[in-house]
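See structure below.
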Amino acid sequence: MIQLDRTCIGIRGLLVLALMSSAACLAEPPGALGEAASELTASDATARAQLALRWAPVHFQDVDQTGSHALGGAADFITTYDFDGNLNARDNWDHAGNAAFPLRAHAYYSVVETSSHWFLVYLFFHPRDWTDSFFDTEHENDAEGVMLAVRRNSSTFGQLQAAVTVAHTDFFSYVPAGGGWTSGGESVDGALQLMTLADGGHPVTAQQAKGHGLKARPDYDIVGDGVIYFPSLTTAEVPSGPDDRHVTYKLVDILTAGGMWDQRANASLFASFGNFAGDTTGGCGDGALSCSTNSANAPWGWDDHDDGPLRGALASDPAGLVRAYFKTPEAVSTTYTFNPFR
């Protein structure tokens with residue numbers, strides 16, 4: 001009987017120890033037992049979309065309603081290069097403002113990677129770069145944007161390190177407050193503000209009315225009327241008017257099959273490598289100094305007029321560009337594990 005009691009006690013003890021061990025395992029934080037965290041890779045389209053959504057800008061668009069070319073403010077709404085249902089970029093000026101072709105909000109993105117960082121490009125497209133001044137110029141189509149450098153670490157989406165924006169023929173660089181990247185070959189132009197959404201902090205960018213140069217807010221900002229755009233993978237809204245402060249834009253992958261990169265040799269969409277086609281029809285230039293042709297650029301055509309990196313480097317060699325622009329506390333690999341632009 002005594003032996004039986006000892007046996008029961010032994011069994012009960014083993015059960016208690018097993019339960020305690022199980023509870024301890026359940027209480028361990030993810031990764032504490034040596035499991036590798038799941039890492040996204042830019043070669044996977046779903047992963048690119050997840051990364052793009054996580055870091056997509058909250059975008060402030062200034063709007064001007066002055067003059068007939070403003071279309072009541074709609075000339076400053078972001079949309080797609082095929083908003084009118086075709087891939088002919090030479091009729092976009094003409095079709096902007098036509099009620100048959102609503103300007104649904106979209107932004108284009110791409111993601112390339114090295115072993116150390118992801119580099120995300122966002123492009124905001126307008127059918128018109130316009131003016132209400134006789135002393136200024138206009139052109140059909142406008143495409144400016146931003147490149148974000150994100151450090152790959154143990155987290156799913158990494159850590160945002162810096163941004164380089166495109167304002168006409170100049171690039172401007174920014175780092176988040178408290179960030180470790182500092183001025184290198186180029187001076188850091190300011191702090192990159194973040195706005196907290198449900199999934200965390202998002203960079204805040206802003207574009208001018210009319211010419212649509214892009215910088216980090218508040219270097220540009222809404223002055224009077226304007227639209228604030230918020231990112232999505234599924235929804236593309238049309239602003240209710242020139243002063244709509246919550247519009248959802250849909251992200252579109254530049255690298256998707258049949259997308260912008262695949263269309264790079266389409267002569268109806270591009271006049272040359274990296275240059276959107278554009279002509280002088282539809283009244284472009286009327287009441288202005290002139291209307292220039294083929295003047296908007298895709299990311300592989302973006303170029304700072306007086307900086308060292310080659311034309312298109314924001315897409316084709318962003319790692320090389322950030323190494324030229326910034327001093328970084330961590331190593332920035334320039335060996336790409338995914339970059340179709342090269």
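Residues are referred to by chain and number: the chain letter is A, B, ... according to the order shown in the structure tokens, the number counts from 1 in that chain, and ligands are numbered separately from 1 in the order shown.
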Item to complete: Quick one: pick out all strand (DSSP E) residues within region 65-252 of chain A from a backbone DSSP run and write them as an MDAnalysis selection string.
Response: chainID A and resid 106:114 117:129 137:151 159:167 170:176 182:183 190:192 194:197 200:207 214:216 226:232 247:252
Practice prompt. Pick out the residues sitting within 12 Å of Ala100 (chain A), and hand them over as JSON, numbers by chain; count only C-alpha atoms, and ignore anything fewer than 6 positions along from it in its own chain.
Written response: {"A": [83, 84, 85]}
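Checking A:Ala298, A:Ala288, A:Ala52, A:Ala74 one by one against Thr137 (chain A), counting only C-alpha atoms, you find the shortest gap at A:Ala288.
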Worksheet item: Near region 75-79 of chain A, counting only C-alpha atoms, which residues have an atom at most 9 Å away, once you skip same-chain residues fewer than 6 positions from it, shown as an NGL selection string?
Response: :A and (61-65 or 69 or 96-97 or 102-107 or 124-130 or 208-212 or 226-227 or 236 or 238-239 or 242 or 249)
Could I get the residues of region 215-301 of chain A with an atom no further than 12 Å from an atom of region 147-151 of chain A, each paired with its nearest atom pair and that distance in Å to one decimal, using only C-alpha atoms, sorted by chain and residue number, as a Markdown table?
| residue | atom | partner | partner_atom | distance |
| --- | --- | --- | --- | --- |
| A:Lys215 | CA | A:Met147 | CA | 11.1 |
| A:Ala216 | CA | A:Met147 | CA | 11.3 |
| A:Pro299 | CA | A:Met147 | CA | 9.4 |
| A:Trp300 | CA | A:Met147 | CA | 11.9 |
Output all heavy atoms of each residue in that selection to a file, as a PDB file, in the first residue's frame.
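Result file follows (again-v1.pdb):
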ATOM      1  N   LYS A 215       7.769  66.534 -51.679  1.00  0.00           N
ATOM      2  CA  LYS A 215       8.704  66.556 -50.559  1.00  0.00           C
ATOM      3  C   LYS A 215       8.016  65.946 -49.339  1.00  0.00           C
ATOM      4  O   LYS A 215       6.817  65.647 -49.372  1.00  0.00           O
ATOM      5  CB  LYS A 215       9.157  67.984 -50.232  1.00  0.00           C
ATOM      6  CG  LYS A 215       9.982  68.658 -51.309  1.00  0.00           C
ATOM      7  CD  LYS A 215      10.448  70.040 -50.859  1.00  0.00           C
ATOM      8  CE  LYS A 215      11.273  70.740 -51.924  1.00  0.00           C
ATOM      9  NZ  LYS A 215      11.745  72.088 -51.461  1.00  0.00           N
ATOM     10  N   ALA A 216       8.794  65.775 -48.274  1.00  0.00           N
ATOM     11  CA  ALA A 216       8.198  65.376 -47.003  1.00  0.00           C
ATOM     12  C   ALA A 216       7.455  66.581 -46.427  1.00  0.00           C
ATOM     13  O   ALA A 216       7.949  67.708 -46.488  1.00  0.00           O
ATOM     14  CB  ALA A 216       9.266  64.891 -46.031  1.00  0.00           C
ATOM     15  N   PRO A 299      10.067  55.940 -62.712  1.00  0.00           N
ATOM     16  CA  PRO A 299      11.174  55.889 -61.748  1.00  0.00           C
ATOM     17  C   PRO A 299      12.529  55.601 -62.370  1.00  0.00           C
ATOM     18  O   PRO A 299      13.544  56.123 -61.900  1.00  0.00           O
ATOM     19  CB  PRO A 299      10.738  54.772 -60.793  1.00  0.00           C
ATOM     20  CG  PRO A 299       9.251  54.843 -60.803  1.00  0.00           C
ATOM     21  CD  PRO A 299       8.906  55.162 -62.238  1.00  0.00           C
ATOM     22  N   TRP A 300      12.582  54.800 -63.421  1.00  0.00           N
ATOM     23  CA  TRP A 300      13.869  54.513 -64.059  1.00  0.00           C
ATOM     24  C   TRP A 300      14.316  55.671 -64.963  1.00  0.00           C
ATOM     25  O   TRP A 300      15.376  55.605 -65.588  1.00  0.00           O
ATOM     26  CB  TRP A 300      13.831  53.204 -64.835  1.00  0.00           C
ATOM     27  CG  TRP A 300      12.735  53.069 -65.847  1.00  0.00           C
ATOM     28  CD1 TRP A 300      12.817  53.317 -67.188  1.00  0.00           C
ATOM     29  CD2 TRP A 300      11.391  52.608 -65.616  1.00  0.00           C
ATOM     30  NE1 TRP A 300      11.612  53.047 -67.799  1.00  0.00           N
ATOM     31  CE2 TRP A 300      10.722  52.612 -66.857  1.00  0.00           C
ATOM     32  CE3 TRP A 300      10.686  52.201 -64.477  1.00  0.00           C
ATOM     33  CZ2 TRP A 300       9.385  52.237 -67.001  1.00  0.00           C
ATOM     34  CZ3 TRP A 300       9.354  51.823 -64.607  1.00  0.00           C
ATOM     35  CH2 TRP A 300       8.724  51.834 -65.850  1.00  0.00           C
TER      36      TRP A 300
END
Practice prompt. Would you kindly return, as a list in words, each protein, DNA or RNA residue with an atom no farther than 12 Å from any atom of Gly201 (chain A), considering only C-alpha atoms and excluding same-chain residues fewer than 2 positions away?
Written response: Leu53, Arg54, Trp55, Ala56, Pro57, Val58, Phe157, Gln159, Leu160, Pro176, Leu192, Gln193, Leu194, Met195, Thr196, Leu197, Ala198, Asp199, Pro203 and Val204 of chain A
Output file for the residues above (N, CA and C atoms, as a tab-separated table (two decimals), in the first residue's frame):
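Produced file again_31.tsv, reproduced below:
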chain	number	residue	atom	x	y	z
A	53	LEU	N	2.17	48.28	-48.54
A	53	LEU	CA	1.08	48.80	-47.73
A	53	LEU	C	1.59	49.28	-46.37
A	54	ARG	N	2.51	48.51	-45.78
A	54	ARG	CA	3.00	48.88	-44.44
A	54	ARG	C	3.69	50.24	-44.44
A	55	TRP	N	4.43	50.56	-45.51
A	55	TRP	CA	5.21	51.79	-45.51
A	55	TRP	C	4.65	52.87	-46.43
A	56	ALA	N	3.48	52.63	-47.02
A	56	ALA	CA	2.92	53.59	-47.97
A	56	ALA	C	2.66	54.94	-47.31
A	57	PRO	N	2.98	56.03	-48.00
A	57	PRO	CA	2.80	57.35	-47.41
A	57	PRO	C	1.34	57.72	-47.18
A	58	VAL	N	1.12	58.49	-46.13
A	58	VAL	CA	-0.09	59.32	-46.04
A	58	VAL	C	0.26	60.57	-46.84
A	157	PHE	N	8.47	43.73	-40.95
A	157	PHE	CA	8.49	44.82	-41.93
A	157	PHE	C	9.71	45.71	-41.84
A	159	GLN	N	12.73	48.36	-40.41
A	159	GLN	CA	12.79	49.67	-39.78
A	159	GLN	C	13.05	50.73	-40.84
A	160	LEU	N	12.18	51.73	-40.90
A	160	LEU	CA	12.33	52.81	-41.87
A	160	LEU	C	13.53	53.68	-41.50
A	176	PRO	N	13.78	59.92	-40.35
A	176	PRO	CA	12.85	60.06	-39.23
A	176	PRO	C	13.56	60.65	-38.01
A	192	LEU	N	11.67	63.36	-41.43
A	192	LEU	CA	10.55	62.65	-42.06
A	192	LEU	C	9.49	62.41	-41.01
A	193	GLN	N	8.37	63.10	-41.11
A	193	GLN	CA	7.28	62.92	-40.16
A	193	GLN	C	6.57	61.60	-40.41
A	194	LEU	N	6.05	61.00	-39.34
A	194	LEU	CA	5.27	59.77	-39.43
A	194	LEU	C	3.88	60.03	-38.87
A	195	MET	N	2.88	59.42	-39.50
A	195	MET	CA	1.51	59.45	-38.98
A	195	MET	C	1.12	58.03	-38.60
A	196	THR	N	0.61	57.87	-37.39
A	196	THR	CA	0.27	56.54	-36.90
A	196	THR	C	-1.09	56.10	-37.44
A	197	LEU	N	-1.09	54.99	-38.18
A	197	LEU	CA	-2.30	54.32	-38.62
A	197	LEU	C	-2.43	53.01	-37.85
A	198	ALA	N	-3.38	52.18	-38.22
A	198	ALA	CA	-3.64	50.95	-37.47
A	198	ALA	C	-2.44	50.02	-37.42
A	199	ASP	N	-1.60	50.05	-38.46
A	199	ASP	CA	-0.46	49.13	-38.52
A	199	ASP	C	0.86	49.79	-38.12
A	203	PRO	N	5.18	57.28	-43.32
A	203	PRO	CA	5.76	58.57	-43.70
A	203	PRO	C	4.68	59.49	-44.27
A	204	VAL	N	4.87	60.79	-44.07
A	204	VAL	CA	3.91	61.78	-44.54
A	204	VAL	C	4.58	62.61	-45.64
Worksheet entry | Atom pair CA of Arg90 (chain A) / CA of Gly282 (chain A): separation (Å) | 9.7 Å
Practice prompt. Check region 10-207 of chain A with DSSP on the backbone and list each residue it calls helix (DSSP H, G or I), as a PyMOL selection string.
Written response: chain A and resi 10-27+45-55+68-76+89-95
Fill in: Minimum-distance residue to Arg152 (chain A), chosen among A:Thr114, A:Thr131, A:Thr337, A:Thr165 (using only C-alpha atoms)
A:Thr114
Worksheet item: Of the candidates A:Asp286, A:Asp279, A:Glu39, A:Asp307, which one gets nearest to Asn153 (chain A) if we count only C-alpha atoms?
Response: A:Glu39
Discussion item. Using only C-alpha atoms, can you tell me which of A:Thr256, A:Val322, A:Ala206, A:Arg264 comes closest to Val111 (chain A)?
Written reply: A:Thr256
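One finds CA of Tyr229 (chain A) at 16.4 Å from CA of Gly200 (chain A).
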